[in-house]
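structure08.txt (compact mmCIF, C-alpha atoms) appears below.
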```txt
# COMPACT_ATOMS: atom_id res chain seq x y z
CA MET A 12 179.15 212.80 195.76
CA GLN A 13 178.33 213.31 199.46
CA GLU A 14 178.58 210.73 202.25
CA ILE A 15 175.57 208.40 202.38
CA THR A 16 174.16 206.88 205.57
CA ALA A 17 172.66 203.40 205.49
CA PRO A 18 170.51 202.90 208.67
CA LEU A 19 170.78 199.31 209.92
CA SER A 20 169.86 197.74 213.21
CA GLU A 21 172.14 195.43 215.18
CA GLU A 22 169.99 192.46 214.12
CA GLN A 23 170.28 193.39 210.45
CA ILE A 24 174.05 193.85 210.74
CA HIS A 25 174.41 190.45 212.39
CA ALA A 26 172.12 188.74 209.88
CA ALA A 27 174.09 190.18 206.92
CA GLY A 28 177.37 188.92 208.38
CA ILE A 29 178.89 192.38 208.46
CA GLU A 30 182.20 192.59 210.33
CA THR A 31 184.34 195.63 211.12
CA GLN A 32 187.95 196.45 211.91
CA PRO A 33 189.53 199.65 213.28
CA VAL A 34 191.08 202.47 211.28
CA GLU A 35 194.77 203.08 212.04
CA PRO A 36 196.68 206.34 211.41
CA GLU A 37 199.50 206.06 208.89
CA ALA A 38 202.19 208.65 208.21
CA GLY A 39 204.95 206.29 207.08
CA VAL A 40 205.41 204.27 203.91
CA GLY A 41 202.66 202.41 202.07
CA GLU A 42 202.98 199.79 199.35
CA ILE A 43 201.59 199.05 195.90
CA VAL A 44 202.22 195.57 194.48
CA VAL A 45 202.28 195.52 190.66
CA PRO A 46 203.52 193.15 187.94
CA GLY A 47 206.47 194.00 185.71
CA VAL A 48 208.69 192.69 182.95
CA VAL A 49 212.48 193.01 182.86
CA SER A 50 213.81 194.84 179.79
CA VAL A 51 217.09 196.24 178.47
CA PRO A 52 217.49 200.04 178.27
CA PRO A 53 217.53 200.85 174.54
CA GLN A 54 220.82 202.75 174.77
CA GLN A 55 222.48 199.55 176.07
CA LEU A 56 221.29 197.34 173.23
CA ARG A 57 223.30 196.73 170.03
CA ILE A 58 222.51 194.61 166.99
CA VAL A 59 225.74 193.51 165.31
CA ALA A 60 225.17 193.35 161.54
CA ALA A 61 227.23 191.96 158.68
CA PRO A 62 229.38 194.87 157.41
CA ALA A 63 229.46 193.35 153.90
CA ALA A 64 227.57 190.71 151.96
CA GLY A 65 229.12 187.27 152.13
CA LEU A 66 229.18 183.78 153.61
CA VAL A 67 229.11 183.27 157.38
CA GLU A 68 232.11 181.02 157.97
CA THR A 69 231.85 180.82 161.76
CA LEU A 70 229.77 182.24 164.60
CA LEU A 71 232.07 182.37 167.60
CA VAL A 72 229.57 183.21 170.37
CA ALA A 73 226.49 181.57 171.89
CA PRO A 74 223.39 183.06 173.55
CA ASP A 75 223.93 184.16 177.19
CA GLU A 76 227.69 184.34 176.64
CA ASP A 77 229.49 187.39 178.02
CA VAL A 78 231.80 189.27 175.64
CA LYS A 79 234.15 192.22 175.93
CA GLN A 80 234.41 195.12 173.51
CA GLY A 81 236.51 194.02 170.53
CA ASP A 82 236.02 190.26 171.06
CA PRO A 83 235.53 188.22 167.84
CA ILE A 84 231.87 187.57 167.05
CA ALA A 85 231.93 185.94 163.59
CA THR A 86 234.00 185.52 160.43
CA LEU A 87 232.69 186.30 156.96
CA LYS A 88 234.05 185.36 153.52
CA SER A 89 233.12 188.23 151.22
CA SER A 90 233.74 188.97 147.55
CA GLU A 91 232.62 192.56 148.24
CA LEU A 92 235.51 192.89 150.69
CA VAL A 93 237.96 191.68 148.03
CA GLU A 94 236.60 194.21 145.54
CA SER A 95 236.82 197.03 148.12
CA GLN A 96 240.46 196.13 148.84
CA ARG A 97 241.26 196.04 145.12
CA ALA A 98 239.70 199.49 144.68
CA PHE A 99 241.71 200.75 147.67
CA LEU A 100 245.00 199.49 146.22
CA HIS A 101 244.14 201.04 142.84
CA ALA A 102 243.40 204.39 144.56
CA MET A 103 246.68 204.09 146.48
CA SER A 104 248.61 203.61 143.23
CA ASP A 105 246.86 206.60 141.66
CA ALA A 106 247.66 208.70 144.73
CA ASP A 107 251.36 207.68 144.58
CA LEU A 108 251.52 208.54 140.88
CA ALA A 109 249.80 211.88 141.45
CA ALA A 110 252.19 212.69 144.32
CA GLU A 111 255.22 211.83 142.15
CA LYS A 112 253.88 213.92 139.28
CA LEU A 113 253.34 216.85 141.67
CA ARG A 114 256.89 216.52 143.00
CA ARG A 115 258.29 216.55 139.45
CA ASP A 116 256.18 219.51 138.30
CA GLU A 117 257.14 221.52 141.39
CA GLN A 118 260.81 220.96 140.49
CA LEU A 119 260.18 221.94 136.86
CA PHE A 120 258.30 225.08 137.98
CA ARG A 121 261.18 226.13 140.23
CA GLU A 122 263.48 225.77 137.18
CA HIS A 123 261.03 227.91 135.12
CA ILE A 124 260.48 225.06 132.64
CA ILE A 125 256.66 224.83 133.00
CA ALA A 126 253.97 227.43 133.55
CA GLU A 127 252.27 227.93 136.93
CA ARG A 128 248.94 226.91 135.45
CA ARG A 129 250.21 223.37 134.84
CA LEU A 130 251.44 223.19 138.45
CA ILE A 131 248.00 224.27 139.73
CA VAL A 132 246.32 221.52 137.70
CA THR A 133 248.79 218.92 138.98
CA ARG A 134 248.18 219.99 142.57
CA ALA A 135 244.42 219.65 142.08
CA GLU A 136 244.86 216.16 140.60
CA ALA A 137 247.05 215.12 143.54
CA GLY A 138 244.48 216.43 146.04
CA GLN A 139 241.71 214.56 144.26
CA ALA A 140 243.75 211.34 144.31
CA ARG A 141 244.36 211.69 148.07
CA ALA A 142 240.65 212.28 148.67
CA THR A 143 239.76 209.17 146.67
CA LEU A 144 242.26 207.14 148.69
CA ASP A 145 240.77 208.40 151.97
CA GLU A 146 237.30 207.52 150.70
CA ARG A 147 238.40 203.97 149.88
CA ALA A 148 239.98 203.63 153.32
CA GLN A 149 236.70 204.72 154.92
CA ILE A 150 234.84 202.11 152.87
CA LEU A 151 237.19 199.43 154.18
CA ALA A 152 236.60 200.65 157.75
CA LEU A 153 232.84 200.48 157.22
CA ALA A 154 233.33 196.94 155.88
CA GLY A 155 234.81 195.99 159.25
CA MET A 156 238.55 196.22 158.65
CA THR A 157 240.53 197.67 161.56
CA GLU A 158 243.17 200.38 161.14
CA PRO A 159 246.06 197.89 161.64
CA GLU A 160 244.54 195.65 158.95
CA ILE A 161 244.26 198.60 156.53
CA ASN A 162 247.88 199.58 157.26
CA ALA A 163 248.96 195.98 156.62
CA LEU A 164 247.15 196.10 153.27
CA ARG A 165 249.01 199.33 152.40
CA LYS A 166 252.32 197.67 153.21
CA ASP A 167 251.89 194.12 151.88
CA ARG A 168 249.26 194.74 149.16
CA LYS A 169 247.84 191.29 149.93
CA LEU A 170 244.07 190.89 149.56
CA ALA A 171 242.12 189.12 152.30
CA SER A 172 238.87 187.31 151.54
CA SER A 173 237.79 186.79 155.19
CA LEU A 174 236.60 189.43 157.60
CA MET A 175 236.44 189.29 161.40
CA VAL A 176 233.33 190.86 162.97
CA ARG A 177 233.97 192.13 166.52
CA ALA A 178 231.79 193.16 169.46
CA PRO A 179 231.16 196.95 169.48
CA ILE A 180 230.42 196.91 173.25
CA GLY A 181 230.94 194.64 176.21
CA GLY A 182 227.85 192.78 177.34
CA THR A 183 225.84 189.58 177.02
CA ILE A 184 224.77 187.85 173.82
CA LEU A 185 220.97 187.86 173.90
CA GLN A 186 220.30 186.27 170.51
CA ARG A 187 222.01 184.82 167.45
CA HIS A 188 220.28 185.77 164.19
CA GLY A 189 222.61 184.18 161.64
CA THR A 190 223.83 180.59 161.20
CA THR A 191 227.11 179.14 160.03
CA GLY A 192 227.15 178.53 156.26
CA GLU A 193 224.43 181.09 155.57
CA ARG A 194 224.85 183.75 152.90
CA VAL A 195 223.88 187.15 154.25
CA ALA A 196 223.41 190.58 152.74
CA ALA A 197 225.19 193.67 153.96
CA SER A 198 223.59 194.97 157.20
CA ALA A 199 221.93 191.59 157.93
CA PRO A 200 221.80 191.07 161.73
CA LEU A 201 224.15 188.45 163.18
CA VAL A 202 223.79 188.77 166.97
CA THR A 203 222.20 191.03 169.58
CA ILE A 204 224.39 192.25 172.46
CA ALA A 205 223.10 193.96 175.59
CA ARG A 206 224.73 195.53 178.64
CA LEU A 207 222.60 194.32 181.56
CA ASP A 208 223.70 196.70 184.30
CA PRO A 209 221.74 198.88 184.93
CA ILE A 210 218.54 197.18 183.81
CA TRP A 211 214.92 198.32 183.61
CA VAL A 212 211.63 196.83 184.77
CA ASN A 213 208.48 197.96 182.95
CA LEU A 214 205.73 198.12 185.58
CA GLN A 215 201.99 197.92 184.84
CA VAL A 216 200.28 200.20 187.37
CA PRO A 217 196.45 200.28 187.48
CA LEU A 218 195.11 203.69 186.54
CA SER A 219 193.39 204.02 189.91
CA ARG A 220 196.83 203.76 191.61
CA ALA A 221 198.66 206.13 189.27
CA VAL A 222 198.02 209.12 191.54
CA ALA A 223 200.44 207.59 194.07
CA LEU A 224 203.36 207.27 191.61
CA ASP A 225 204.54 210.81 192.35
CA SER A 226 205.16 209.74 195.96
CA VAL A 227 207.09 206.52 195.26
CA GLU A 228 210.36 206.52 197.22
CA ARG A 229 211.78 203.24 195.92
CA VAL A 230 210.85 200.05 194.11
CA HIS A 231 211.58 196.66 195.68
CA LEU A 232 211.90 193.29 193.91
CA ALA A 233 211.47 190.71 196.65
CA ALA A 234 212.43 187.73 194.46
CA ALA A 235 215.80 189.29 193.58
CA GLY A 236 216.35 191.21 196.82
CA LEU A 237 216.90 194.48 194.92
CA ASP A 238 215.86 198.09 195.46
CA GLY A 239 215.56 200.43 192.49
CA THR A 240 214.37 203.87 191.49
CA LEU A 241 211.28 204.91 189.53
CA ILE A 242 212.67 206.91 186.60
CA ARG A 243 209.70 207.44 184.29
CA VAL A 244 205.90 207.31 184.32
CA GLY A 245 204.01 206.93 181.06
CA HIS A 246 201.51 209.50 179.82
CA THR A 247 199.20 207.04 178.04
CA VAL A 248 196.87 204.30 179.28
CA ASP A 249 196.67 200.77 177.87
CA THR A 250 193.11 200.39 176.59
CA ALA A 251 192.94 196.66 177.32
CA THR A 252 194.25 196.69 180.91
CA GLN A 253 193.56 200.34 181.88
CA SER A 254 197.05 200.54 183.32
CA VAL A 255 199.91 203.02 183.12
CA THR A 256 203.46 201.90 182.30
CA ALA A 257 206.14 203.05 184.73
CA VAL A 258 209.85 202.28 184.39
CA ALA A 259 212.09 201.40 187.34
CA GLU A 260 215.89 201.14 187.09
CA PHE A 261 217.96 198.59 189.02
CA ARG A 262 221.64 197.74 189.46
CA PRO A 263 221.41 193.95 189.55
CA GLY A 264 225.10 193.08 189.95
CA ARG A 265 225.09 189.29 190.22
CA SER A 266 221.34 189.02 190.86
CA PRO A 267 219.57 186.82 188.29
CA LEU A 268 217.46 189.39 186.44
CA ARG A 269 216.97 188.39 182.80
CA PRO A 270 215.35 190.34 179.94
CA GLY A 271 211.80 189.15 179.40
CA GLN A 272 211.46 187.84 182.96
CA ALA A 273 208.11 188.49 184.67
CA VAL A 274 208.51 189.89 188.19
CA GLN A 275 206.39 191.31 191.00
CA ALA A 276 207.44 194.74 192.27
CA ILE A 277 206.56 196.54 195.48
CA LEU A 278 206.31 200.32 195.18
CA ARG A 279 207.16 202.00 198.48
CA VAL A 280 204.90 205.06 198.71
CA LYS A 281 205.65 207.84 201.19
CA GLY A 282 202.70 208.64 203.42
CA GLY A 283 200.88 211.94 203.22
CA GLY A 284 200.77 212.80 206.94
CA ALA A 285 197.98 212.70 209.56
CA SER A 286 195.21 212.53 206.95
CA GLN A 287 196.37 209.13 205.72
CA TRP A 288 194.90 205.96 207.20
CA ARG A 289 195.54 202.26 207.11
CA VAL A 290 192.52 199.98 206.66
CA PRO A 291 192.09 196.33 205.63
CA ALA A 292 192.23 195.95 201.85
CA ASP A 293 188.76 194.30 201.87
CA ALA A 294 187.28 197.47 203.38
CA VAL A 295 187.75 199.52 200.19
CA VAL A 296 185.17 199.14 197.44
CA SER A 297 184.83 200.83 194.06
CA HIS A 298 181.49 202.38 193.09
CA LEU A 299 180.73 204.91 190.35
CA ASN A 300 184.45 205.43 189.60
CA ARG A 301 185.22 206.29 193.24
CA ASN A 302 186.64 204.37 196.19
CA TRP A 303 184.60 204.06 199.39
CA VAL A 304 184.73 202.65 202.91
CA PHE A 305 181.70 201.95 205.11
CA LEU A 306 182.19 203.64 208.48
CA ARG A 307 180.36 202.21 211.51
CA ILE A 308 178.12 204.79 213.21
CA PRO A 309 175.38 204.39 215.85
CA GLU A 310 172.64 204.50 213.21
CA GLY A 311 174.31 201.84 211.02
CA PHE A 312 176.97 202.62 208.40
CA ARG A 313 178.05 205.69 206.49
CA ALA A 314 179.67 205.42 203.03
CA VAL A 315 182.74 207.68 203.08
CA PRO A 316 184.63 208.50 199.83
CA VAL A 317 188.41 207.96 200.11
CA THR A 318 191.47 208.33 197.91
CA LEU A 319 193.39 205.07 197.55
CA VAL A 320 197.10 205.88 197.92
CA SER A 321 198.56 202.36 197.97
CA GLU A 322 197.47 198.79 198.46
CA THR A 323 198.82 195.36 199.35
CA PRO A 324 196.84 192.10 199.51
CA GLN A 325 196.29 192.71 203.24
CA PHE A 326 196.07 196.49 203.76
CA ALA A 327 195.22 199.71 201.92
CA SER A 328 196.47 203.24 202.58
CA VAL A 329 193.71 205.79 202.07
CA GLN A 330 193.08 209.49 202.56
CA GLY A 331 189.66 210.73 203.64
CA ALA A 332 187.41 211.97 206.44
CA LEU A 333 188.27 209.25 208.96
CA ALA A 334 189.65 209.19 212.49
CA ALA A 335 191.82 206.79 214.45
CA GLY A 336 189.80 204.15 216.28
CA GLN A 337 186.76 204.35 214.02
CA ARG A 338 185.67 201.03 212.54
CA VAL A 339 185.03 200.18 208.90
CA ALA A 340 183.22 197.22 207.40
CA THR A 341 185.38 194.39 206.03
CA ARG A 342 182.69 191.75 205.35
CA GLY A 343 179.14 191.95 204.15
CA LEU A 344 179.90 194.84 201.83
CA LEU A 345 177.49 193.62 199.15
CA THR A 346 174.60 194.29 201.54
CA LEU A 347 175.93 197.78 202.26
CA LEU A 348 176.42 198.50 198.53
CA ALA A 349 172.83 197.44 197.88
CA GLU A 350 171.61 199.77 200.62
CA MET A 351 173.75 202.57 199.18
CA ALA A 352 172.37 202.05 195.64
CA GLU A 353 168.78 202.00 196.96
CA ILE A 354 169.27 205.28 198.82
CA GLU A 355 170.86 206.91 195.72
CA SER A 356 167.92 205.87 193.57
CA LYS A 357 165.38 207.65 195.77
```
Mind turning this structure into structure tokens?
Amino acid sequence: MQEITAPLSEEQIHAAGIETQPVEPEAGVGEIVVPGVVSVPPQQLRIVAAPAAGLVETLLVAPDEDVKQGDPIATLKSSELVESQRAFLHAMSDADLAAEKLRRDEQLFREHIIAERRLIVTRAEAGQARATLDERAQILALAGMTEPEINALRKDRKLASSLMVRAPIGGTILQRHGTTGERVAASAPLVTIARLDPIWVNLQVPLSRAVALDSVERVHLAAAGLDGTLIRVGHTVDTATQSVTAVAEFRPGRSPLRPGQAVQAILRVKGGGASQWRVPADAVVSHLNRNWVFLRIPEGFRAVPVTLVSETPQFASVQGALAAGQRVATRGLLTLLAEMAEIESK
């Protein structure tokens, strides 16, 4: 669409309350202010589940508590654990018997008392017994028993009915899912742990501003005093808000950023050179899916299409056919839009 001139006299401009302000050149950094929500990067989030079915005896952590890797999280009393230990001890006895039988048959074979075929069968049985024992040890490990605990079971042959669940990573307890005294199934969630450094902020950027995301130098959270980096821009648009989701990453340290917290982010956008201008935010209007400013000329005003690069509540950074010192309308724009629509309809 070409530029449109709306002829207005000085009396008409005054009567409509139209005011103007000058255009300023801008080659530095512009801003876009957008809302966001703090979230945990998925690779830093762990749900600790019950390794075996049983009764939750104790939950040893509370929400917002910091834990280290290996710290106790909960204790379970489990009949499944007892059965797994019994099966392990039975497999260990079978493996010992098979190893002793193999030792004896190897001696008998060396003395030419038994045939080689019998020795081959005995070796196969011993290998199968060792494999079964390894399988039972793996089952105990999956049930939450540590290697020292499994070695103690080998040595003492004493069954334990309680199991200690430990933190797989260091982080912060976000949520407790289970309760003390509750019976849970295997794989039932007990707590959620998250590592909160670095942390993400999911930004909702209006579709009309998405063109400027490629030029974002950094993202600033004024409330937390943090600067971060834009790491990803979404490829889809939310149908309800017509916004694009962008993800910024921050290193909060001791700053109070919490998952689920609503924040306001300032996107610092690098300017595009001499063709970029700074105008009052009220000077930019949207019409027919394009952004416009009304440029003051001797005959009245000319509607000039511009590309909106960034915007704050006070100023907008635009690119278009403007020049430093020219003046654009900041008030009375409804009158100018009406004139523009009337001219288009002719």
message = Just checking: using all atoms listed in the file, which residue out of A:Ala314, A:Ala126, A:Val212, A:Ile242 ends up closest to A:Gly271?
response = A:Val212
Taking all atoms listed in the file into account, produce a table as a Markdown table in which each residue of stretch 133-214 of chain A with an atom at most 10 Å from an atom of stretch 69-78 of chain A appears once, together with its shortest atom pair and the distance in Å to one decimal, ordered by chain and rising number.
```
| residue | atom | partner | partner_atom | distance |
| --- | --- | --- | --- | --- |
| A:Met175 | CA | A:Thr69 | CA | 9.6 |
| A:Val176 | CA | A:Leu70 | CA | 9.5 |
| A:Arg177 | CA | A:Val78 | CA | 9.8 |
| A:Ala178 | CA | A:Val78 | CA | 7.3 |
| A:Pro179 | CA | A:Val78 | CA | 9.9 |
| A:Ile180 | CA | A:Val78 | CA | 8.1 |
| A:Gly181 | CA | A:Val78 | CA | 5.5 |
| A:Gly182 | CA | A:Val78 | CA | 5.6 |
| A:Thr183 | CA | A:Asp77 | CA | 4.4 |
| A:Ile184 | CA | A:Pro74 | CA | 5.0 |
| A:Leu185 | CA | A:Pro74 | CA | 5.4 |
| A:Gln186 | CA | A:Pro74 | CA | 5.4 |
| A:Arg187 | CA | A:Pro74 | CA | 6.5 |
| A:Gly189 | CA | A:Leu70 | CA | 8.0 |
| A:Thr190 | CA | A:Leu70 | CA | 7.0 |
| A:Thr191 | CA | A:Thr69 | CA | 5.3 |
| A:Gly192 | CA | A:Thr69 | CA | 7.6 |
| A:Glu193 | CA | A:Thr69 | CA | 9.7 |
| A:Leu201 | CA | A:Leu70 | CA | 8.5 |
| A:Val202 | CA | A:Val72 | CA | 8.7 |
| A:Thr203 | CA | A:Pro74 | CA | 9.0 |
| A:Ile204 | CA | A:Val78 | CA | 8.6 |
| A:Ala205 | CA | A:Asp77 | CA | 9.5 |
| A:Arg206 | CA | A:Asp77 | CA | 9.4 |
```
Please build the interface table for stretch 24-136 of chain A against stretch 250-269 of chain A with a cut-off of 12 Å, listing for each qualifying residue the nearest atom pair and the distance in Å to one decimal; count all atoms listed in the file, order rows by chain and increasing number, and write it as JSON lines.
```
{"residue": "A:Val45", "atom": "CA", "partner": "A:Ser254", "partner_atom": "CA", "distance": 10.3}
{"residue": "A:Pro46", "atom": "CA", "partner": "A:Thr256", "partner_atom": "CA", "distance": 10.4}
{"residue": "A:Gly47", "atom": "CA", "partner": "A:Val258", "partner_atom": "CA", "distance": 9.0}
{"residue": "A:Val48", "atom": "CA", "partner": "A:Arg269", "partner_atom": "CA", "distance": 9.3}
{"residue": "A:Val49", "atom": "CA", "partner": "A:Arg269", "partner_atom": "CA", "distance": 6.4}
{"residue": "A:Ser50", "atom": "CA", "partner": "A:Arg269", "partner_atom": "CA", "distance": 7.8}
{"residue": "A:Val51", "atom": "CA", "partner": "A:Arg269", "partner_atom": "CA", "distance": 9.0}
{"residue": "A:Pro52", "atom": "CA", "partner": "A:Glu260", "partner_atom": "CA", "distance": 9.0}
{"residue": "A:Asp75", "atom": "CA", "partner": "A:Arg269", "partner_atom": "CA", "distance": 9.9}
```
Generate a file of the selected residues that holds C-alpha atoms, formatted as an mmCIF file, in the coordinates of the input.
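What ended up in part_26.cif:
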```cif
data_model
loop_
_atom_site.group_PDB
_atom_site.id
_atom_site.type_symbol
_atom_site.label_atom_id
_atom_site.label_comp_id
_atom_site.auth_asym_id
_atom_site.auth_seq_id
_atom_site.Cartn_x
_atom_site.Cartn_y
_atom_site.Cartn_z
ATOM 1 C CA VAL A 45 202.280 195.520 190.660
ATOM 2 C CA PRO A 46 203.520 193.150 187.940
ATOM 3 C CA GLY A 47 206.470 194.000 185.710
ATOM 4 C CA VAL A 48 208.690 192.690 182.950
ATOM 5 C CA VAL A 49 212.480 193.010 182.860
ATOM 6 C CA SER A 50 213.810 194.840 179.790
ATOM 7 C CA VAL A 51 217.090 196.240 178.470
ATOM 8 C CA PRO A 52 217.490 200.040 178.270
ATOM 9 C CA ASP A 75 223.930 184.160 177.190
#
```
query = Looking at A:Val59, A:Leu333, A:Leu174, A:Val296, which one is nearest to A:Val93, with distances taken over all atoms listed in the file?
reply = A:Leu174
